[in-house]
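Here is the file final-v3.cif (mmCIF, C-alpha atoms).
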data_upload
loop_
_atom_site.label_atom_id
_atom_site.label_comp_id
_atom_site.auth_asym_id
_atom_site.auth_seq_id
_atom_site.Cartn_x
_atom_site.Cartn_y
_atom_site.Cartn_z
CA MET L 1 0.00 0.00 0.00
CA ASN L 2 1.05 3.58 -0.54
CA SER L 3 2.52 4.96 2.69
CA GLY L 4 1.30 8.47 1.79
CA ALA L 5 -2.30 7.30 1.62
CA ALA L 6 -5.04 8.65 3.81
CA PRO L 7 -5.48 6.63 7.01
CA PHE L 8 -7.91 3.72 7.08
CA ASP L 9 -10.66 4.95 9.41
CA GLU L 10 -13.88 3.55 10.86
CA LEU L 11 -15.96 4.71 7.86
CA ASP L 12 -13.56 2.92 5.51
CA ARG L 13 -13.91 -0.21 7.65
CA LYS L 14 -17.72 0.00 7.44
CA ILE L 15 -17.58 0.50 3.65
CA VAL L 16 -15.24 -2.47 3.20
CA THR L 17 -17.44 -4.61 5.45
CA ALA L 18 -20.51 -3.68 3.39
CA LEU L 19 -18.71 -4.51 0.13
CA MET L 20 -17.47 -7.84 1.52
CA ALA L 21 -21.06 -8.72 2.47
CA ASN L 22 -22.38 -7.72 -0.97
CA ALA L 23 -20.03 -6.29 -3.60
CA ARG L 24 -23.05 -5.44 -5.76
CA SER L 25 -24.36 -2.91 -3.24
CA SER L 26 -24.72 0.54 -4.76
CA PHE L 27 -22.78 3.48 -3.40
CA ALA L 28 -26.15 4.94 -2.34
CA GLU L 29 -27.06 1.78 -0.37
CA ILE L 30 -23.67 1.77 1.35
CA GLY L 31 -23.92 5.50 1.99
CA THR L 32 -27.26 5.07 3.70
CA ALA L 33 -25.83 2.32 5.90
CA VAL L 34 -22.70 4.25 6.92
CA GLY L 35 -24.05 7.82 6.95
CA LEU L 36 -22.36 9.24 3.83
CA SER L 37 -23.51 10.46 0.44
CA SER L 38 -23.07 8.10 -2.50
CA THR L 39 -20.44 10.49 -3.91
CA ALA L 40 -18.44 10.34 -0.69
CA VAL L 41 -18.65 6.54 -0.68
CA LYS L 42 -17.44 6.41 -4.30
CA ARG L 43 -14.47 8.67 -3.47
CA ARG L 44 -13.53 6.45 -0.56
CA VAL L 45 -13.92 3.23 -2.60
CA ASP L 46 -11.77 4.74 -5.37
CA ARG L 47 -9.10 5.67 -2.80
CA LEU L 48 -9.26 2.21 -1.20
CA ARG L 49 -8.76 0.63 -4.64
CA GLU L 50 -5.88 2.98 -5.52
CA THR L 51 -4.08 2.23 -2.26
CA GLY L 52 -4.53 -1.52 -2.59
CA VAL L 53 -6.89 -2.02 0.34
CA ILE L 54 -9.58 -3.22 -2.07
CA THR L 55 -7.94 -5.53 -4.59
CA GLY L 56 -11.00 -6.47 -6.66
CA PHE L 57 -14.60 -7.55 -6.76
CA THR L 58 -15.73 -11.10 -7.38
CA ALA L 59 -18.67 -13.46 -7.37
CA THR L 60 -18.83 -16.40 -5.00
CA VAL L 61 -20.23 -19.45 -6.76
CA LYS L 62 -21.40 -22.83 -5.51
CA PRO L 63 -18.47 -25.12 -6.49
CA ALA L 64 -20.69 -28.04 -7.57
CA ALA L 65 -22.41 -25.77 -10.11
CA LEU L 66 -19.02 -25.37 -11.81
CA GLY L 67 -18.13 -29.06 -11.74
CA TRP L 68 -16.08 -29.04 -8.52
CA ARG L 69 -17.54 -31.89 -6.47
CA THR L 70 -14.43 -32.97 -4.58
CA GLU L 71 -12.33 -30.75 -2.35
CA ALA L 72 -9.20 -31.40 -0.31
CA TYR L 73 -6.31 -29.77 1.47
CA VAL L 74 -2.89 -31.17 0.65
CA GLU L 75 0.15 -30.74 2.87
CA VAL L 76 3.32 -30.69 0.78
CA TYR L 77 6.68 -31.78 2.21
CA CYS L 78 9.77 -30.88 0.20
CA GLU L 79 13.31 -32.22 -0.02
CA GLY L 80 15.59 -29.57 1.42
CA ALA L 81 14.46 -25.98 1.38
CA ALA L 82 12.21 -25.36 -1.61
CA PRO L 83 11.94 -21.60 -2.08
CA PRO L 84 8.40 -20.19 -2.10
CA ARG L 85 9.05 -18.83 -5.60
CA ARG L 86 9.64 -22.38 -6.91
CA LEU L 87 6.55 -23.69 -5.12
CA ALA L 88 4.51 -20.85 -6.68
CA GLU L 89 5.70 -21.85 -10.16
CA VAL L 90 4.60 -25.43 -9.55
CA VAL L 91 1.13 -24.63 -8.24
CA ARG L 92 0.43 -22.29 -11.16
CA ASN L 93 0.75 -25.36 -13.43
CA HIS L 94 -2.21 -27.05 -11.74
CA PRO L 95 -5.52 -25.24 -12.37
CA GLU L 96 -7.23 -27.38 -9.73
CA ILE L 97 -5.18 -25.70 -7.00
CA THR L 98 -7.38 -22.80 -5.90
CA ALA L 99 -5.14 -21.57 -3.07
CA ALA L 100 -1.60 -22.27 -1.95
CA MET L 101 0.51 -20.98 0.87
CA THR L 102 3.72 -21.71 2.70
CA VAL L 103 3.07 -22.65 6.32
CA THR L 104 4.77 -23.23 9.64
CA GLY L 105 4.95 -26.69 11.17
CA GLY L 106 6.06 -29.90 9.56
CA ALA L 107 4.73 -29.23 6.04
CA ASP L 108 6.34 -26.73 3.70
CA ALA L 109 3.12 -25.74 1.95
CA LEU L 110 -0.63 -26.21 2.09
CA LEU L 111 -2.68 -26.51 -1.09
CA HIS L 112 -6.43 -26.16 -1.49
CA VAL L 113 -7.50 -28.44 -4.34
CA ARG L 114 -10.86 -28.74 -6.09
CA ALA L 115 -11.58 -31.55 -8.53
CA ARG L 116 -14.50 -33.04 -10.44
CA ASP L 117 -14.45 -36.28 -8.43
CA VAL L 118 -12.13 -38.51 -6.41
CA GLU L 119 -10.51 -39.98 -9.53
CA HIS L 120 -9.73 -36.49 -10.83
CA PHE L 121 -8.31 -35.54 -7.41
CA GLU L 122 -6.08 -38.62 -7.48
CA GLU L 123 -4.79 -37.62 -10.92
CA VAL L 124 -4.06 -34.08 -9.66
CA LEU L 125 -2.26 -35.47 -6.64
CA GLU L 126 -0.10 -37.71 -8.85
CA ARG L 127 0.80 -34.70 -11.04
CA ILE L 128 1.82 -32.73 -7.96
CA ARG L 129 3.92 -35.64 -6.69
CA THR L 130 5.92 -35.81 -9.94
CA GLU L 131 7.76 -32.62 -9.01
CA PRO L 132 11.32 -33.72 -8.19
CA PHE L 133 11.64 -31.73 -4.95
CA ILE L 134 8.36 -32.96 -3.42
CA ARG L 135 9.13 -35.68 -0.88
CA LYS L 136 5.58 -36.52 0.23
CA THR L 137 2.04 -35.22 0.49
CA ILE L 138 -0.70 -35.71 3.05
CA SER L 139 -4.27 -35.11 1.92
CA VAL L 140 -7.39 -34.31 3.89
CA MET L 141 -10.71 -34.50 2.05
CA VAL L 142 -13.39 -31.92 2.85
CA LEU L 143 -16.71 -33.53 3.81
CA SER L 144 -18.76 -30.38 4.46
CA HIS L 145 -18.35 -26.69 5.16
CA LEU L 146 -19.36 -25.71 8.66
CA LEU L 147 -19.47 -22.05 7.59
CA PRO L 148 -21.09 -22.31 4.14
CA GLU L 149 -21.25 -18.53 3.75
CA ALA L 150 -17.45 -18.17 4.10
CA PRO L 151 -15.50 -17.35 0.92
CA GLU L 152 -13.59 -20.63 1.25
CA ALA L 153 -16.85 -22.49 0.61
CA GLY L 154 -17.23 -20.82 -2.79
CA ALA L 155 -15.29 -21.23 -6.01
CA SER L 156 -13.35 -18.69 -8.01
CA GLY L 157 -13.66 -20.31 -11.41
CA PRO L 158 -14.99 -23.19 -13.47
CA ALA L 159 -13.56 -26.67 -13.19
CA PRO L 160 -10.82 -27.02 -15.78
CA ASP L 161 -11.26 -29.50 -18.60
CA VAL L 162 -8.08 -31.55 -18.13
CA ARG L 163 -9.23 -34.87 -19.56
CA GLU L 164 -6.99 -36.62 -22.07
CA GLY L 165 -7.57 -35.21 -25.53
CA ALA L 166 -9.86 -32.42 -24.32
#
Rewrite the coordinates I just gave you, this time as structure tokens.
Amino acid sequence: MNSGAAPFDELDRKIVTALMANARSSFAEIGTAVGLSSTAVKRRVDRLRETGVITGFTATVKPAALGWRTEAYVEVYCEGAAPPRRLAEVVRNHPEITAAMTVTGGADALLHVRARDVEHFEEVLERIRTEPFIRKTISVMVLSHLLPEAPEAGASGPAPDVREGA
């Protein structure tokens, strides 16, 4: 973020909270909720976007509607010290990986994987394991979301068509 930016105040926090709840809310609706004019809300949203506080707007979609019926978290254990940059290159090659992060603890990274079904997940896992610096993986399948309204329960894109010959 820009260090010369205006401070993030309580009105900004309320605006961001309203947008996180419903990014399709109009500036007038948000203004009514936070006590500002729609023009003032727009100025603040523009500033929040320019300073990197707001990084984008998106739709949350039911994963099964997009073909994602299987979901898992995969712990990745590497040989030696795999730099995060190298791990990032690898995960970008797998469209089924919807989130990836380096973590503390025994594992080097944690991957969030969505797949069409268990067989597709197994194929994804085998592709991940072919990377020469990956020593082992441990997978945990998601059975249900206890907070179905959380962003993690939604999907950011359609299931990729990765079948042979597709």
Take the PyMOL selection byres ((chain L and resi 26-36) around 10), run it mentally on this structure, and tell me the resulting residues as a ChimeraX atom specification.
/L:10-19,22-25,37-43,45
Hits from the PyMOL selection byres ((chain L and resi 78-88) around 7), listed as a VMD selection string:
chain L and resid 76 to 77 89 to 92 102 108 133 to 135
Quick one: 4 Å padding each side, axis-aligned, all listed atoms of stretch 143-156 of chain L - centre and edge lengths in Å to one decimal, as AutoDock Vina command-line options?
--center_x -17.3 --center_y -25.4 --center_z 0.3 --size_x 15.9 --size_y 24.2 --size_z 24.7
Atom CA of L:Leu143 and atom CA of L:Val124 are how many Å apart?
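Calculated distance between atom CA of L:Leu143 and atom CA of L:Val124 is 18.5 Å.
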Using all atoms listed in the file, pick whichever of L:Ala21, L:Val113, L:Leu146, L:Ile128 has the shortest atom-to-atom distance to L:Thr70.
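Looking only at the distances to L:Thr70, the closest residue turns out to be L:Val113.
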Using the incomplete input, complete stretch 78-101 of chain L to the level of N, CA, C and O atoms; output as a short mmCIF file (atom, residue, chain, number, x, y, z; two decimals), in the frame of the given file.
data_model
loop_
_atom_site.label_atom_id
_atom_site.label_comp_id
_atom_site.auth_asym_id
_atom_site.auth_seq_id
_atom_site.Cartn_x
_atom_site.Cartn_y
_atom_site.Cartn_z
N CYS L 78 8.73 -30.98 1.24
CA CYS L 78 9.77 -30.88 0.20
C CYS L 78 11.10 -31.43 0.68
O CYS L 78 11.38 -31.45 1.88
N GLU L 79 11.92 -31.85 -0.30
CA GLU L 79 13.31 -32.22 -0.02
C GLU L 79 14.09 -30.92 0.13
O GLU L 79 14.00 -30.05 -0.72
N GLY L 80 14.82 -30.80 1.22
CA GLY L 80 15.59 -29.57 1.42
C GLY L 80 14.68 -28.37 1.58
O GLY L 80 13.53 -28.48 1.94
N ALA L 81 15.21 -27.22 1.25
CA ALA L 81 14.46 -25.98 1.38
C ALA L 81 14.01 -25.51 0.01
O ALA L 81 14.77 -24.92 -0.74
N ALA L 82 12.77 -25.81 -0.33
CA ALA L 82 12.21 -25.36 -1.61
C ALA L 82 11.78 -23.90 -1.44
O ALA L 82 10.97 -23.60 -0.56
N PRO L 83 12.32 -23.01 -2.24
CA PRO L 83 11.94 -21.60 -2.08
C PRO L 83 10.48 -21.37 -2.47
O PRO L 83 9.97 -22.03 -3.39
N PRO L 84 9.80 -20.47 -1.78
CA PRO L 84 8.40 -20.19 -2.10
C PRO L 84 8.19 -19.84 -3.58
O PRO L 84 7.18 -20.22 -4.16
N ARG L 85 9.15 -19.18 -4.18
CA ARG L 85 9.05 -18.83 -5.60
C ARG L 85 8.92 -20.08 -6.47
O ARG L 85 8.12 -20.14 -7.38
N ARG L 86 9.69 -21.12 -6.15
CA ARG L 86 9.64 -22.38 -6.91
C ARG L 86 8.30 -23.09 -6.66
O ARG L 86 7.70 -23.62 -7.59
N LEU L 87 7.84 -23.10 -5.43
CA LEU L 87 6.55 -23.69 -5.12
C LEU L 87 5.43 -22.95 -5.88
O LEU L 87 4.52 -23.59 -6.41
N ALA L 88 5.52 -21.63 -5.95
CA ALA L 88 4.51 -20.85 -6.68
C ALA L 88 4.48 -21.22 -8.15
O ALA L 88 3.40 -21.32 -8.75
N GLU L 89 5.65 -21.44 -8.75
CA GLU L 89 5.70 -21.85 -10.16
C GLU L 89 4.99 -23.18 -10.36
O GLU L 89 4.24 -23.36 -11.32
N VAL L 90 5.20 -24.09 -9.45
CA VAL L 90 4.60 -25.43 -9.55
C VAL L 90 3.08 -25.34 -9.44
O VAL L 90 2.36 -25.91 -10.26
N VAL L 91 2.57 -24.63 -8.44
CA VAL L 91 1.13 -24.63 -8.24
C VAL L 91 0.40 -23.91 -9.37
O VAL L 91 -0.75 -24.24 -9.66
N ARG L 92 1.05 -22.96 -10.01
CA ARG L 92 0.43 -22.29 -11.16
C ARG L 92 0.18 -23.25 -12.32
O ARG L 92 -0.65 -22.99 -13.17
N ASN L 93 0.91 -24.38 -12.37
CA ASN L 93 0.75 -25.36 -13.43
C ASN L 93 -0.41 -26.31 -13.19
O ASN L 93 -0.64 -27.21 -14.00
N HIS L 94 -1.11 -26.16 -12.09
CA HIS L 94 -2.21 -27.05 -11.74
C HIS L 94 -3.47 -26.21 -11.51
O HIS L 94 -3.65 -25.66 -10.43
N PRO L 95 -4.34 -26.10 -12.52
CA PRO L 95 -5.52 -25.24 -12.37
C PRO L 95 -6.48 -25.68 -11.28
O PRO L 95 -7.29 -24.88 -10.82
N GLU L 96 -6.36 -26.90 -10.81
CA GLU L 96 -7.23 -27.38 -9.73
C GLU L 96 -6.83 -26.83 -8.38
O GLU L 96 -7.60 -26.91 -7.42
N ILE L 97 -5.63 -26.28 -8.26
CA ILE L 97 -5.18 -25.70 -7.00
C ILE L 97 -5.76 -24.29 -6.93
O ILE L 97 -5.39 -23.41 -7.69
N THR L 98 -6.69 -24.09 -6.00
CA THR L 98 -7.38 -22.80 -5.90
C THR L 98 -6.73 -21.86 -4.89
O THR L 98 -7.01 -20.67 -4.90
N ALA L 99 -5.88 -22.39 -4.03
CA ALA L 99 -5.14 -21.57 -3.07
C ALA L 99 -3.90 -22.36 -2.66
O ALA L 99 -3.94 -23.59 -2.60
N ALA L 100 -2.84 -21.63 -2.39
CA ALA L 100 -1.60 -22.27 -1.95
C ALA L 100 -0.84 -21.30 -1.08
O ALA L 100 -0.80 -20.10 -1.35
N MET L 101 -0.25 -21.83 -0.04
CA MET L 101 0.51 -20.98 0.87
C MET L 101 1.62 -21.77 1.55
O MET L 101 1.50 -22.97 1.71
#
